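Undergrad: Here you go, this is entry-v8.tsv (TSV, C-alpha atoms (C1' of nucleotides)).
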chain	number	residue	atom	x	y	z
A	104	TYR	CA	-20.13	-19.57	-145.98
A	105	ILE	CA	-19.30	-18.37	-149.42
A	106	LEU	CA	-15.64	-17.52	-149.49
A	107	PRO	CA	-14.10	-15.55	-152.32
A	108	LYS	CA	-11.60	-17.69	-154.20
A	109	ILE	CA	-8.12	-17.10	-152.84
A	110	ASN	CA	-6.37	-16.08	-155.98
A	111	LEU	CA	-2.65	-16.06	-155.39
A	112	GLU	CA	-1.79	-15.64	-159.05
A	113	ILE	CA	-2.96	-12.04	-158.96
A	114	LEU	CA	-0.08	-11.21	-156.68
A	115	TYR	CA	2.49	-12.24	-159.24
A	116	VAL	CA	2.30	-8.84	-160.92
A	117	HIS	CA	4.37	-7.52	-158.05
A	118	THR	CA	8.12	-7.83	-157.75
A	119	TYR	CA	8.86	-10.80	-155.54
A	120	ILE	CA	6.44	-12.92	-153.61
A	121	CYS	CA	7.08	-15.73	-151.21
A	122	ILE	CA	4.18	-18.16	-151.34
A	123	MET	CA	4.64	-20.25	-148.27
A	124	LYS	CA	3.10	-23.52	-149.22
A	125	LEU	CA	3.65	-26.11	-146.54
A	126	GLU	CA	5.51	-28.30	-149.01
A	127	ALA	CA	8.14	-25.58	-149.39
A	128	ALA	CA	8.25	-24.72	-145.70
A	129	LEU	CA	8.89	-28.28	-144.60
A	130	LYS	CA	10.58	-29.43	-147.83
A	131	SER	CA	8.15	-32.29	-147.98
A	132	SER	CA	6.55	-33.32	-151.24
A	133	LYS	CA	3.30	-34.74	-149.93
A	134	PHE	CA	1.30	-35.44	-146.80
A	135	LYS	CA	-0.74	-38.39	-145.57
A	136	SER	CA	-4.06	-36.57	-145.94
A	137	ASN	CA	-5.57	-33.12	-146.01
A	138	ILE	CA	-6.45	-33.52	-142.34
A	139	HIS	CA	-2.82	-34.25	-141.59
A	140	LYS	CA	-1.68	-31.35	-143.72
A	141	ALA	CA	-4.05	-29.01	-141.92
A	142	GLY	CA	-2.55	-30.07	-138.59
A	143	LEU	CA	1.00	-29.43	-139.75
A	144	ASN	CA	-0.07	-26.11	-141.27
A	145	ILE	CA	-1.53	-25.04	-137.91
A	146	LEU	CA	1.66	-25.98	-136.06
A	147	TYR	CA	3.94	-24.34	-138.61
A	148	THR	CA	1.89	-21.15	-138.92
A	149	ALA	CA	1.81	-20.80	-135.14
A	150	TRP	CA	5.59	-21.08	-135.00
A	151	TRP	CA	5.91	-18.56	-137.81
A	152	LEU	CA	3.52	-16.13	-136.14
A	153	LYS	CA	5.09	-16.47	-132.70
A	154	SER	CA	8.66	-16.06	-133.88
A	155	SER	CA	7.72	-13.05	-136.01
A	156	THR	CA	6.05	-11.26	-133.11
A	157	THR	CA	8.77	-12.28	-130.67
A	158	LYS	CA	11.26	-10.38	-132.82
A	159	GLU	CA	9.21	-7.21	-132.38
A	160	LEU	CA	9.24	-7.56	-128.61
A	161	LYS	CA	13.00	-7.84	-128.47
A	162	GLU	CA	13.62	-4.10	-128.42
A	163	PHE	CA	11.43	-3.90	-125.31
A	164	GLY	CA	13.40	-6.63	-123.57
A	165	ILE	CA	10.46	-8.91	-122.92
A	166	THR	CA	9.41	-12.29	-124.25
A	167	HIS	CA	6.12	-13.33	-125.82
A	168	GLU	CA	5.05	-15.04	-122.60
A	169	GLN	CA	5.98	-12.06	-120.43
A	170	TYR	CA	3.97	-9.85	-122.78
A	171	ASN	CA	1.04	-12.21	-122.44
A	172	VAL	CA	1.20	-12.06	-118.62
A	173	LEU	CA	1.41	-8.25	-118.66
A	174	ARG	CA	-1.66	-8.06	-120.93
A	175	ILE	CA	-3.60	-10.36	-118.64
A	176	LEU	CA	-2.66	-8.29	-115.58
A	177	LYS	CA	-3.56	-5.04	-117.27
A	178	GLY	CA	-6.91	-6.49	-118.26
A	179	LYS	CA	-7.91	-6.66	-114.58
A	180	HIS	CA	-5.93	-3.65	-113.38
A	181	PRO	CA	-6.08	-2.20	-110.74
A	182	GLU	CA	-7.45	-5.49	-109.44
A	183	GLN	CA	-4.88	-8.03	-108.28
A	184	MET	CA	-4.60	-11.50	-109.80
A	185	CYS	CA	-3.26	-14.74	-108.39
A	186	VAL	CA	-1.09	-17.24	-110.27
A	187	LYS	CA	-3.99	-19.56	-111.00
A	188	ASP	CA	-6.09	-16.80	-112.57
A	189	ILE	CA	-3.23	-15.73	-114.79
A	190	ALA	CA	-2.42	-19.31	-115.79
A	191	SER	CA	-6.01	-19.96	-116.85
A	192	ARG	CA	-5.80	-17.07	-119.30
A	193	MET	CA	-2.47	-17.99	-120.86
A	194	ILE	CA	-2.36	-19.19	-124.46
A	195	GLU	CA	-0.04	-22.02	-123.47
A	196	LYS	CA	-1.76	-23.55	-120.48
A	197	ASN	CA	1.30	-25.35	-119.19
A	198	SER	CA	3.25	-22.15	-118.79
A	199	ASN	CA	5.14	-21.98	-115.54
A	200	VAL	CA	3.60	-18.70	-114.43
A	201	PRO	CA	5.53	-18.29	-111.11
A	202	ARG	CA	8.81	-18.23	-113.00
A	203	ILE	CA	7.57	-15.88	-115.71
A	204	ILE	CA	6.44	-13.58	-112.90
A	205	ASP	CA	9.91	-13.89	-111.31
A	206	ARG	CA	11.46	-12.21	-114.34
A	207	LEU	CA	8.81	-9.50	-114.50
A	208	VAL	CA	9.33	-8.72	-110.81
A	209	ILE	CA	13.10	-8.40	-111.34
A	210	LYS	CA	12.37	-5.89	-114.11
A	211	LYS	CA	9.95	-4.10	-111.76
A	212	LEU	CA	7.09	-4.47	-114.24
A	213	VAL	CA	5.02	-6.45	-111.75
A	214	LYS	CA	4.60	-6.35	-107.97
A	215	ARG	CA	4.02	-9.54	-106.01
A	216	ALA	CA	2.61	-10.05	-102.51
A	217	THR	CA	0.97	-12.74	-100.42
A	218	SER	CA	-2.81	-12.55	-100.40
A	219	GLU	CA	-4.41	-11.37	-97.16
A	220	ILE	CA	-7.55	-13.42	-97.69
A	221	ASP	CA	-5.91	-16.70	-98.63
A	222	LYS	CA	-2.29	-16.94	-97.59
A	223	ARG	CA	-1.60	-19.72	-100.09
A	224	GLU	CA	-2.17	-17.28	-102.89
A	225	THR	CA	0.37	-14.88	-104.31
A	226	VAL	CA	-1.24	-11.80	-105.77
A	227	MET	CA	0.21	-9.83	-108.64
A	228	ASN	CA	-0.22	-6.29	-109.78
A	229	ILE	CA	1.16	-4.58	-112.87
A	230	THR	CA	3.26	-1.50	-112.03
A	231	ALA	CA	3.18	1.90	-113.74
A	232	ALA	CA	6.39	0.93	-115.52
A	233	GLY	CA	4.71	-2.29	-116.58
A	234	ILE	CA	1.72	-0.47	-118.05
A	235	SER	CA	4.01	1.96	-119.81
A	236	ILE	CA	6.10	-0.72	-121.49
A	237	LEU	CA	3.01	-2.79	-122.28
A	238	ASP	CA	1.34	0.12	-124.04
A	239	SER	CA	4.39	0.65	-126.22
A	240	CYS	CA	4.54	-3.06	-127.01
A	241	THR	CA	0.86	-3.23	-127.83
A	242	VAL	CA	1.13	-0.56	-130.51
A	243	VAL	CA	3.90	-2.48	-132.25
A	244	MET	CA	2.30	-5.88	-131.72
A	245	ASP	CA	-1.10	-4.89	-133.07
A	246	LYS	CA	0.46	-3.35	-136.13
A	247	THR	CA	2.61	-6.45	-136.67
A	248	MET	CA	-0.36	-8.77	-136.24
A	249	ASP	CA	-2.39	-6.82	-138.80
A	250	SER	CA	0.39	-6.83	-141.36
A	251	LEU	CA	1.22	-10.50	-140.82
A	252	ILE	CA	-2.36	-11.73	-141.02
A	253	ASP	CA	-3.46	-10.28	-144.31
A	254	LEU	CA	-6.94	-11.78	-144.53
A	255	THR	CA	-10.33	-10.30	-145.26
A	256	GLU	CA	-12.73	-9.96	-142.35
A	257	GLU	CA	-14.72	-12.87	-143.76
A	258	GLU	CA	-11.69	-15.13	-144.08
A	259	ALA	CA	-10.58	-14.30	-140.55
A	260	ILE	CA	-13.98	-15.31	-139.20
A	261	VAL	CA	-13.95	-18.57	-141.15
A	262	ILE	CA	-10.51	-19.54	-139.91
A	263	SER	CA	-11.54	-18.89	-136.30
A	264	GLU	CA	-14.68	-20.97	-136.73
A	265	LEU	CA	-12.80	-23.85	-138.31
A	266	LEU	CA	-10.18	-23.82	-135.54
A	267	GLU	CA	-12.89	-23.72	-132.90
A	268	LYS	CA	-14.64	-26.60	-134.62
A	269	ILE	CA	-11.41	-28.60	-134.38
A	270	ARG	CA	-11.19	-27.99	-130.66
A	271	THR	CA	-14.84	-28.86	-130.06
A	272	LYS	CA	-15.04	-32.38	-128.65
A	273	GLU	CA	-17.80	-34.55	-127.28
A	274	SER	CA	-17.21	-36.56	-124.17
B	65	TYR	CA	-15.28	-21.96	-152.02
B	66	ILE	CA	-18.67	-22.90	-150.77
B	67	LEU	CA	-18.32	-24.22	-147.28
B	68	PRO	CA	-21.13	-26.04	-145.54
B	69	LYS	CA	-22.33	-24.06	-142.55
B	70	ILE	CA	-20.59	-25.30	-139.42
B	71	ASN	CA	-23.58	-26.20	-137.34
B	72	LEU	CA	-22.45	-26.76	-133.80
B	73	GLU	CA	-25.96	-26.86	-132.40
B	74	ILE	CA	-26.57	-30.23	-133.99
B	75	LEU	CA	-24.00	-31.73	-131.66
B	76	TYR	CA	-26.01	-30.81	-128.60
B	77	VAL	CA	-28.14	-33.94	-128.94
B	78	HIS	CA	-25.21	-35.84	-127.49
B	79	THR	CA	-24.37	-36.13	-123.82
B	80	TYR	CA	-21.70	-33.54	-123.07
B	81	ILE	CA	-19.85	-31.37	-125.48
B	82	CYS	CA	-17.05	-28.95	-124.92
B	83	ILE	CA	-17.26	-26.16	-127.47
B	84	MET	CA	-13.89	-24.52	-127.29
B	85	LYS	CA	-14.59	-20.98	-128.26
B	86	LEU	CA	-11.51	-18.81	-127.85
B	87	GLU	CA	-13.35	-16.65	-125.35
B	88	ALA	CA	-13.71	-19.62	-123.03
B	89	ALA	CA	-10.20	-20.92	-123.63
B	90	LEU	CA	-8.55	-17.63	-122.76
B	91	LYS	CA	-11.30	-16.34	-120.43
B	92	SER	CA	-11.41	-13.19	-122.48
B	93	SER	CA	-14.69	-11.59	-123.40
B	94	LYS	CA	-13.68	-9.91	-126.61
B	95	PHE	CA	-10.84	-9.30	-129.02
B	96	LYS	CA	-9.52	-6.29	-130.87
B	97	SER	CA	-10.61	-7.57	-134.27
B	98	ASN	CA	-11.37	-10.76	-136.14
B	99	ILE	CA	-7.85	-10.66	-137.54
B	100	HIS	CA	-6.48	-10.53	-134.02
B	101	LYS	CA	-8.80	-13.28	-132.90
B	102	ALA	CA	-7.71	-15.47	-135.80
B	103	GLY	CA	-4.08	-15.03	-134.74
B	104	LEU	CA	-4.79	-16.01	-131.14
B	105	ASN	CA	-6.88	-18.94	-132.33
B	106	ILE	CA	-3.96	-20.19	-134.42
B	107	LEU	CA	-1.54	-19.90	-131.49
B	108	TYR	CA	-3.93	-21.52	-129.05
B	109	THR	CA	-4.97	-24.36	-131.37
B	110	ALA	CA	-1.32	-25.14	-132.10
B	111	TRP	CA	-0.60	-25.38	-128.38
B	112	TRP	CA	-3.66	-27.58	-127.91
B	113	LEU	CA	-2.67	-29.84	-130.80
B	114	LYS	CA	0.95	-30.11	-129.80
B	115	SER	CA	0.27	-30.86	-126.16
B	116	SER	CA	-2.35	-33.46	-127.07
B	117	THR	CA	-0.01	-35.32	-129.40
B	118	THR	CA	2.93	-34.98	-127.01
B	119	LYS	CA	0.94	-36.94	-124.43
B	120	GLU	CA	0.62	-39.82	-126.90
B	121	LEU	CA	4.37	-39.93	-127.44
B	122	LYS	CA	5.11	-40.19	-123.76
B	123	GLU	CA	4.73	-43.96	-123.58
B	124	PHE	CA	7.41	-44.22	-126.26
B	125	GLY	CA	9.79	-42.01	-124.29
B	126	ILE	CA	10.32	-39.45	-127.02
B	127	THR	CA	9.30	-35.83	-127.45
B	128	HIS	CA	7.44	-34.17	-130.29
B	129	GLU	CA	10.68	-32.71	-131.64
B	130	GLN	CA	12.52	-36.03	-131.44
B	131	TYR	CA	9.61	-37.65	-133.29
B	132	ASN	CA	9.86	-34.96	-135.93
B	133	VAL	CA	13.60	-35.58	-136.41
B	134	LEU	CA	13.08	-39.34	-136.64
B	135	ARG	CA	10.40	-38.87	-139.30
B	136	ILE	CA	12.66	-36.59	-141.30
B	137	LEU	CA	15.51	-39.09	-141.11
B	138	LYS	CA	13.27	-41.98	-142.11
B	139	GLY	CA	12.02	-39.99	-145.07
B	140	LYS	CA	15.50	-40.11	-146.60
B	141	HIS	CA	16.58	-43.47	-145.22
B	142	PRO	CA	18.93	-45.19	-145.96
B	143	GLU	CA	20.45	-41.91	-147.12
B	144	GLN	CA	22.32	-39.88	-144.50
B	145	MET	CA	21.34	-36.35	-143.58
B	146	CYS	CA	23.37	-33.50	-142.13
B	147	VAL	CA	22.19	-31.12	-139.39
B	148	LYS	CA	21.37	-28.35	-141.84
B	149	ASP	CA	19.15	-30.59	-143.97
B	150	ILE	CA	17.24	-31.79	-140.93
B	151	ALA	CA	16.85	-28.26	-139.55
B	152	SER	CA	15.37	-26.98	-142.82
B	153	ARG	CA	12.61	-29.59	-142.57
B	154	MET	CA	11.69	-28.96	-138.93
B	155	ILE	CA	8.34	-27.39	-138.11
B	156	GLU	CA	10.04	-25.04	-135.66
B	157	LYS	CA	12.93	-23.65	-137.66
B	158	ASN	CA	14.90	-22.45	-134.68
B	159	SER	CA	15.12	-25.92	-133.21
B	160	ASN	CA	18.56	-26.72	-131.89
B	161	VAL	CA	18.97	-29.85	-133.96
B	162	PRO	CA	22.42	-30.89	-132.67
B	163	ARG	CA	21.04	-31.20	-129.14
B	164	ILE	CA	17.89	-33.04	-130.21
B	165	ILE	CA	20.17	-35.46	-132.03
B	166	ASP	CA	22.27	-35.82	-128.85
B	167	ARG	CA	19.31	-37.36	-127.05
B	168	LEU	CA	18.40	-39.62	-129.94
B	169	VAL	CA	21.99	-40.88	-130.12
B	170	ILE	CA	21.97	-41.67	-126.38
B	171	LYS	CA	18.80	-43.71	-126.94
B	172	LYS	CA	20.52	-45.41	-129.90
B	173	LEU	CA	17.72	-44.36	-132.25
B	174	VAL	CA	20.13	-42.41	-134.44
B	175	LYS	CA	23.76	-42.88	-135.47
B	176	ARG	CA	26.03	-39.90	-135.97
B	177	ALA	CA	29.32	-39.58	-137.84
B	178	THR	CA	31.51	-36.96	-139.45
B	179	SER	CA	30.99	-36.62	-143.19
B	180	GLU	CA	33.77	-37.96	-145.39
B	181	ILE	CA	33.09	-35.47	-148.16
B	182	ASP	CA	32.84	-32.32	-146.03
B	183	LYS	CA	34.40	-32.67	-142.61
B	184	ARG	CA	32.41	-29.73	-141.25
B	185	GLU	CA	29.26	-31.77	-141.63
B	186	THR	CA	27.92	-34.32	-139.19
B	187	VAL	CA	25.83	-36.97	-140.89
B	188	MET	CA	22.97	-38.77	-139.24
B	189	ASN	CA	21.28	-42.07	-139.91
B	190	ILE	CA	18.23	-43.59	-138.26
B	191	THR	CA	18.93	-47.00	-136.70
B	192	ALA	CA	16.77	-50.14	-136.91
B	193	ALA	CA	15.62	-49.41	-133.35
B	194	GLY	CA	14.76	-45.89	-134.46
B	195	ILE	CA	12.67	-47.12	-137.36
B	196	SER	CA	10.93	-49.61	-135.13
B	197	ILE	CA	9.95	-47.06	-132.48
B	198	LEU	CA	9.01	-44.51	-135.13
B	199	ASP	CA	6.65	-46.95	-136.83
B	200	SER	CA	4.88	-47.62	-133.54
B	201	CYS	CA	4.65	-43.90	-132.83
B	202	THR	CA	3.32	-43.14	-136.28
B	203	VAL	CA	0.37	-45.51	-135.90
B	204	VAL	CA	-0.66	-43.78	-132.67
B	205	MET	CA	0.09	-40.28	-133.92
B	206	ASP	CA	-1.87	-40.64	-137.15
B	207	LYS	CA	-4.87	-42.01	-135.30
B	208	THR	CA	-4.65	-39.20	-132.74
B	209	MET	CA	-4.37	-36.55	-135.44
B	210	ASP	CA	-7.42	-37.90	-137.24
B	211	SER	CA	-9.51	-37.98	-134.09
B	212	LEU	CA	-8.36	-34.53	-132.94
B	213	ILE	CA	-8.91	-32.82	-136.27
B	214	ASP	CA	-12.50	-33.74	-136.98
B	215	LEU	CA	-13.01	-31.76	-140.18
B	216	THR	CA	-14.41	-32.67	-143.55
B	217	GLU	CA	-11.97	-33.00	-146.43
B	218	GLU	CA	-13.24	-29.72	-147.79
B	219	GLU	CA	-12.80	-27.84	-144.52
B	220	ALA	CA	-9.29	-29.23	-144.09
B	221	ILE	CA	-8.34	-27.94	-147.54
B	222	VAL	CA	-9.79	-24.50	-146.81
B	223	ILE	CA	-7.95	-24.16	-143.53
B	224	SER	CA	-4.65	-25.07	-145.19
B	225	GLU	CA	-5.24	-22.56	-147.97
B	226	LEU	CA	-6.13	-19.79	-145.52
B	227	LEU	CA	-3.04	-20.50	-143.40
B	228	GLU	CA	-0.87	-20.53	-146.51
B	229	LYS	CA	-2.41	-17.26	-147.60
B	230	ILE	CA	-1.44	-15.75	-144.24
B	231	ARG	CA	2.16	-16.84	-144.71
B	232	THR	CA	2.31	-15.54	-148.26
B	233	LYS	CA	4.15	-12.22	-148.30
B	234	GLU	CA	5.38	-9.87	-150.95
B	235	SER	CA	8.78	-8.31	-150.62
C	13	DA	C1'	49.96	-19.64	-152.11
C	14	DT	C1'	48.24	-16.97	-148.63
C	15	DA	C1'	44.70	-14.28	-146.67
C	16	DT	C1'	39.89	-13.60	-146.11
C	17	DA	C1'	35.20	-14.88	-146.12
C	18	DA	C1'	31.67	-18.16	-145.69
C	19	DT	C1'	29.77	-22.40	-143.96
C	20	DA	C1'	28.51	-26.18	-140.68
C	21	DC	C1'	28.31	-27.25	-136.43
C	22	DA	C1'	29.06	-27.17	-131.31
C	23	DT	C1'	28.39	-24.88	-127.16
C	24	DG	C1'	26.96	-21.50	-123.64
C	25	DT	C1'	23.24	-18.72	-121.54
C	26	DA	C1'	18.67	-17.10	-120.59
C	27	DT	C1'	14.07	-18.29	-120.93
C	28	DA	C1'	10.29	-21.42	-121.51
C	29	DT	C1'	7.69	-25.93	-121.46
C	30	DA	C1'	6.29	-30.20	-119.33
C	31	DC	C1'	5.84	-32.54	-115.44
C	32	DA	C1'	6.86	-34.53	-110.85
C	33	DC	C1'	6.95	-33.53	-106.22
C	34	DA	C1'	7.25	-30.74	-101.82
C	35	DT	C1'	5.06	-27.45	-98.72
C	36	DA	C1'	2.02	-24.39	-96.60
C	37	DA	C1'	-2.70	-22.97	-96.11
C	38	DT	C1'	-7.46	-23.88	-96.38
C	39	DA	C1'	-11.56	-26.83	-96.68
C	40	DA	C1'	-14.03	-30.88	-95.57
C	41	DA	C1'	-14.95	-34.92	-92.93
C	42	DA	C1'	-15.10	-37.80	-88.88
D	146	DT	C1'	-11.45	-30.65	-82.71
D	147	DT	C1'	-8.50	-33.55	-84.97
D	148	DT	C1'	-7.66	-35.81	-89.12
D	149	DT	C1'	-7.72	-35.95	-93.95
D	150	DA	C1'	-8.18	-34.03	-98.40
D	151	DT	C1'	-7.72	-30.34	-101.45
D	152	DT	C1'	-5.77	-26.26	-103.24
D	153	DA	C1'	-2.20	-22.80	-104.52
D	154	DT	C1'	2.14	-22.26	-105.18
D	155	DG	C1'	7.09	-23.15	-105.24
D	156	DT	C1'	10.89	-25.91	-106.82
D	157	DG	C1'	13.66	-29.39	-109.25
D	158	DT	C1'	14.80	-31.78	-113.61
D	159	DA	C1'	14.87	-32.84	-118.43
D	160	DT	C1'	14.06	-30.97	-122.72
D	161	DA	C1'	13.41	-27.31	-125.98
D	162	DT	C1'	13.71	-22.47	-127.98
D	163	DA	C1'	16.21	-18.34	-129.18
D	164	DC	C1'	20.24	-16.45	-129.93
D	165	DA	C1'	25.19	-15.26	-129.47
D	166	DT	C1'	29.68	-16.89	-130.01
D	167	DG	C1'	33.54	-20.11	-130.85
D	168	DT	C1'	35.95	-23.39	-133.98
D	169	DA	C1'	37.13	-26.23	-137.67
D	170	DT	C1'	36.64	-26.73	-142.53
D	171	DT	C1'	35.84	-25.26	-147.07
D	172	DA	C1'	35.39	-21.74	-150.61
D	173	DT	C1'	36.83	-17.44	-152.58
D	174	DA	C1'	39.76	-13.63	-153.56
D	175	DT	C1'	44.08	-11.39	-154.10
Go through the file and emit its structure as structure tokens.
TA:
Amino acid sequence: YILPKINLEILYVHTYICIMKLEAALKSSKFKSNIHKAGLNILYTAWWLKSSTTKELKEFGITHEQYNVLRILKGKHPEQMCVKDIASRMIEKNSNVPRIIDRLVIKKLVKRATSEIDKRETVMNITAAGISILDSCTVVMDKTMDSLIDLTEEEAIVISELLEKIRTKES
Amino acid sequence: YILPKINLEILYVHTYICIMKLEAALKSSKFKSNIHKAGLNILYTAWWLKSSTTKELKEFGITHEQYNVLRILKGKHPEQMCVKDIASRMIEKNSNVPRIIDRLVIKKLVKRATSEIDKRETVMNITAAGISILDSCTVVMDKTMDSLIDLTEEEAIVISELLEKIRTKES
DNA sequence: ATATAATACATGTATATACACATAATAAAA
DNA sequence: TTTTATTATGTGTATATACATGTATTATAT
């Protein structure tokens, strides 16, 4: 890859700019290694991204995780999905899906029933109200994501490939 | 930057390899854009990294957040730190530091007292037991981090710069 | 000096994570 | 078929996040 140099200086012509170096974010002067720093940068950026998008969801009365479940359900709609299927698609794999569903059912955004085929399974379906609220959320969320992640197409691809390289493990 | 091409194919000569493309991780066939995909990759990689390191801490009986607080306290040791100072150095800025401290005090890894200078402040100090357990944790954590994040020095620097570019905002 | 504002922290509540364990239903084995 | 194992989910507990609110202390303003 040939990446264009990330020139932050050019932005100084504008009024105020908050360059969020990790050193400033964590008030730490130096890190053990660049590998270590990359790890902390990933963790901190994820927190930053999640808390920024969570704020946007607040007016809709749902959490980031509930939004995630609704998106997963809509992806298969009108097909039903069981807890296991939803869990396997969650960003945070240890999410306690039954309890996230509980709250969505209370809000009538999701319907829940026992599967006819396998009575161990609980099958979920997004309701019309759920689709409606999800669509409104999605507009805001996509716009927020685009404004938060201000990278070129090329840079976005590189960051995905580097992150996927990190997660690639032999065994 | 001139990044070496990330050649994943070369790894196939080994026995088994788990290439964690985001599509596989989230069982999703495609994403709205590369920007969007980058965002999800950041969130998912952070979860993956955090849950992997959390497992390592389990034998020491502390959580990722407690480890973080201990490291912050040791960084200033033998100086005392108040809640506000600790909070500003946390990776997750909304951490409820007083309650994380509660658990560390119960385990006698941290001592807590009211500040003499400003009685609103509570000042914390890591104990000898705290330093001892932290040192053991750090050995394991650093090794884990290095084995999880298998990037070249150059790639690690690029990923940090891209993440810092994302967080850089004008206002 | 007194009133008001700001600060630092504690605490309460709802939600979520992480994980252990219980239970019912299904699959597999003897 | 009966037993055993596995699977899918529910539930309980400890910890953490996110956020609102209360309280004591300090700073500021009049």
Undergrad: Residues of chain D no more than 12 Å from chain A, counting only C-alpha atoms (C1' of nucleotides): send them over as a VMD selection string.
TA: chain D and resid 152 to 156 162 to 164
Undergrad: Taking all atoms listed in the file into account, which residues of chain C are within 12 Å of chain A, as a ChimeraX atom specification?
TA: /C:26-31,35-39
Undergrad: Those same residues, written as a PDB file, in the coordinates of the input with C-alpha atoms (C1' of nucleotides)?
TA:
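Once everything was written out, this is again-v4.pdb:
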ATOM      1  C1'  DA C  26      18.670 -17.100-120.590  1.00  0.00           C
ATOM      2  C1'  DT C  27      14.070 -18.290-120.930  1.00  0.00           C
ATOM      3  C1'  DA C  28      10.290 -21.420-121.510  1.00  0.00           C
ATOM      4  C1'  DT C  29       7.690 -25.930-121.460  1.00  0.00           C
ATOM      5  C1'  DA C  30       6.290 -30.200-119.330  1.00  0.00           C
ATOM      6  C1'  DC C  31       5.840 -32.540-115.440  1.00  0.00           C
ATOM      7  C1'  DT C  35       5.060 -27.450 -98.720  1.00  0.00           C
ATOM      8  C1'  DA C  36       2.020 -24.390 -96.600  1.00  0.00           C
ATOM      9  C1'  DA C  37      -2.700 -22.970 -96.110  1.00  0.00           C
ATOM     10  C1'  DT C  38      -7.460 -23.880 -96.380  1.00  0.00           C
ATOM     11  C1'  DA C  39     -11.560 -26.830 -96.680  1.00  0.00           C
TER      12       DA C  39
END
Undergrad: Residues within 10 Å of DA174 in chain D, please, as a short mmCIF file (atom, residue, chain, number, x, y, z; two decimals) with C-alpha atoms (C1' of nucleotides), in the frame of the given file. Count all atoms listed in the file; anything in the same chain fewer than 6 positions from it doesn't count.
TA:
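Written out: around.cif:
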data_model
loop_
_atom_site.label_atom_id
_atom_site.label_comp_id
_atom_site.auth_asym_id
_atom_site.auth_seq_id
_atom_site.Cartn_x
_atom_site.Cartn_y
_atom_site.Cartn_z
"C1'" DA C 15 44.70 -14.28 -146.67
"C1'" DT C 16 39.89 -13.60 -146.11
"C1'" DA C 17 35.20 -14.88 -146.12
#
Undergrad: What is the distance, in Å and to one decimal place, between CA of Ala141 in chain A and CA of Ser224 in chain B?
TA: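 Result for CA of Ala141 in chain A versus CA of Ser224 in chain B: 5.2 Å, one decimal.
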Undergrad: Ranking B:Lys229, B:Arg176, B:His128, B:Lys140 by minimum distance to chain A and counting all atoms listed in the file, which one comes first?
TA: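 Smallest distance to chain A is found for B:Lys229.
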Undergrad: Please identify all polymer residues within 12 Å of DA165 in chain D, counting all atoms listed in the file, omitting same-chain residues fewer than 6 positions from it, and present them as a list in words.
TA: DT23, DG24, DT25 and DA26 of chain C
Undergrad: Centre and edge lengths of an axis-aligned box around all listed atoms of range 175-192 of chain B, with 8 Å added on each side, are to be given in Å to one decimal, as AutoDock Vina command-line options.
TA:
--center_x 25.6 --center_y -39.9 --center_z -141.8 --size_x 33.6 --size_y 36.4 --size_z 28.7
Undergrad: Give me the residues near Asp253 in chain A as a PyMOL selection string, where near means some atom within 8 Å (using only C-alpha atoms (C1' of nucleotides)) and where sequence neighbours in that chain fewer than 2 positions away do not count.
TA: (chain A and resi 249-251+255) or (chain B and resi 229-230)
Undergrad: Name the closest residue to chain A among the candidates B:Met205, B:Ile223, B:Val187, B:Val169; distances are taken between atoms, counting all atoms listed in the file.
TA: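 For chain A, the nearest of the candidates is B:Ile223.
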Undergrad: So which residues are close to (9.8, -36.2, -110.8), meaning at most 8 Å away in the file's coordinates with only C-alpha atoms (C1' of nucleotides) counted, and can you show them as a ChimeraX atom specification?
TA: /C:31-33 /D:157-158
Undergrad: Please determine, counting all atoms listed in the file, which residue among A:Ser131, A:Thr241, A:Ser235, A:Gln169 has the shortest atom-to-atom distance to chain B.
TA: A:Ser131
Undergrad: CA of Lys210 in chain A to CA of Leu152 in chain A: how many Å, to one decimal?
TA: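 A separation of 25.9 Å between them.
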Undergrad: Quick one: everything within 10 Å of Lys124 in chain A, counting all atoms listed in the file, minus sequence neighbours fewer than 4 positions away in the same chain. Send it as an MDAnalysis selection string.
TA: (chainID A and resid 128:130 144) or (chainID B and resid 224:225 227:229 231:232)
Undergrad: Take CA of Asp238 in chain A and CA of Ser93 in chain B and report the distance between them in Å, one decimal.
TA: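 Computed distance, CA of Asp238 in chain A to CA of Ser93 in chain B, equals 19.9 Å.
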Undergrad: Under the rule that all atoms listed in the file are counted, which of B:Lys96, B:Lys119, B:Lys138, B:Lys233 is the nearest residue to chain A?
TA: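 Answer, going by the shortest atom-to-atom distance: B:Lys233.
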Undergrad: In terms of the shortest atom-to-atom distance over only C-alpha atoms, which of A:Gln183, A:Ser191, A:Thr230, A:Asn171 is closest to chain B?
TA: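 Smallest separation from chain B among the options: A:Ser191.
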Undergrad: Using all atoms listed in the file, which protein or nucleic acid residues come within 12 Å of Gly139 in chain B? Drop anything in the same chain fewer than 6 positions from it, and give the result as an MDAnalysis selection string.
TA: (chainID A and resid 130:134) or (chainID B and resid 132:133 145 149:150 153 189:190 195 198)
Undergrad: Using all atoms listed in the file, find the one residue out of A:Lys246, A:Phe163, A:Leu254, A:Met227 that sits nearest to chain B.
TA: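 Using all atoms listed in the file, chain B sits closest to A:Leu254.
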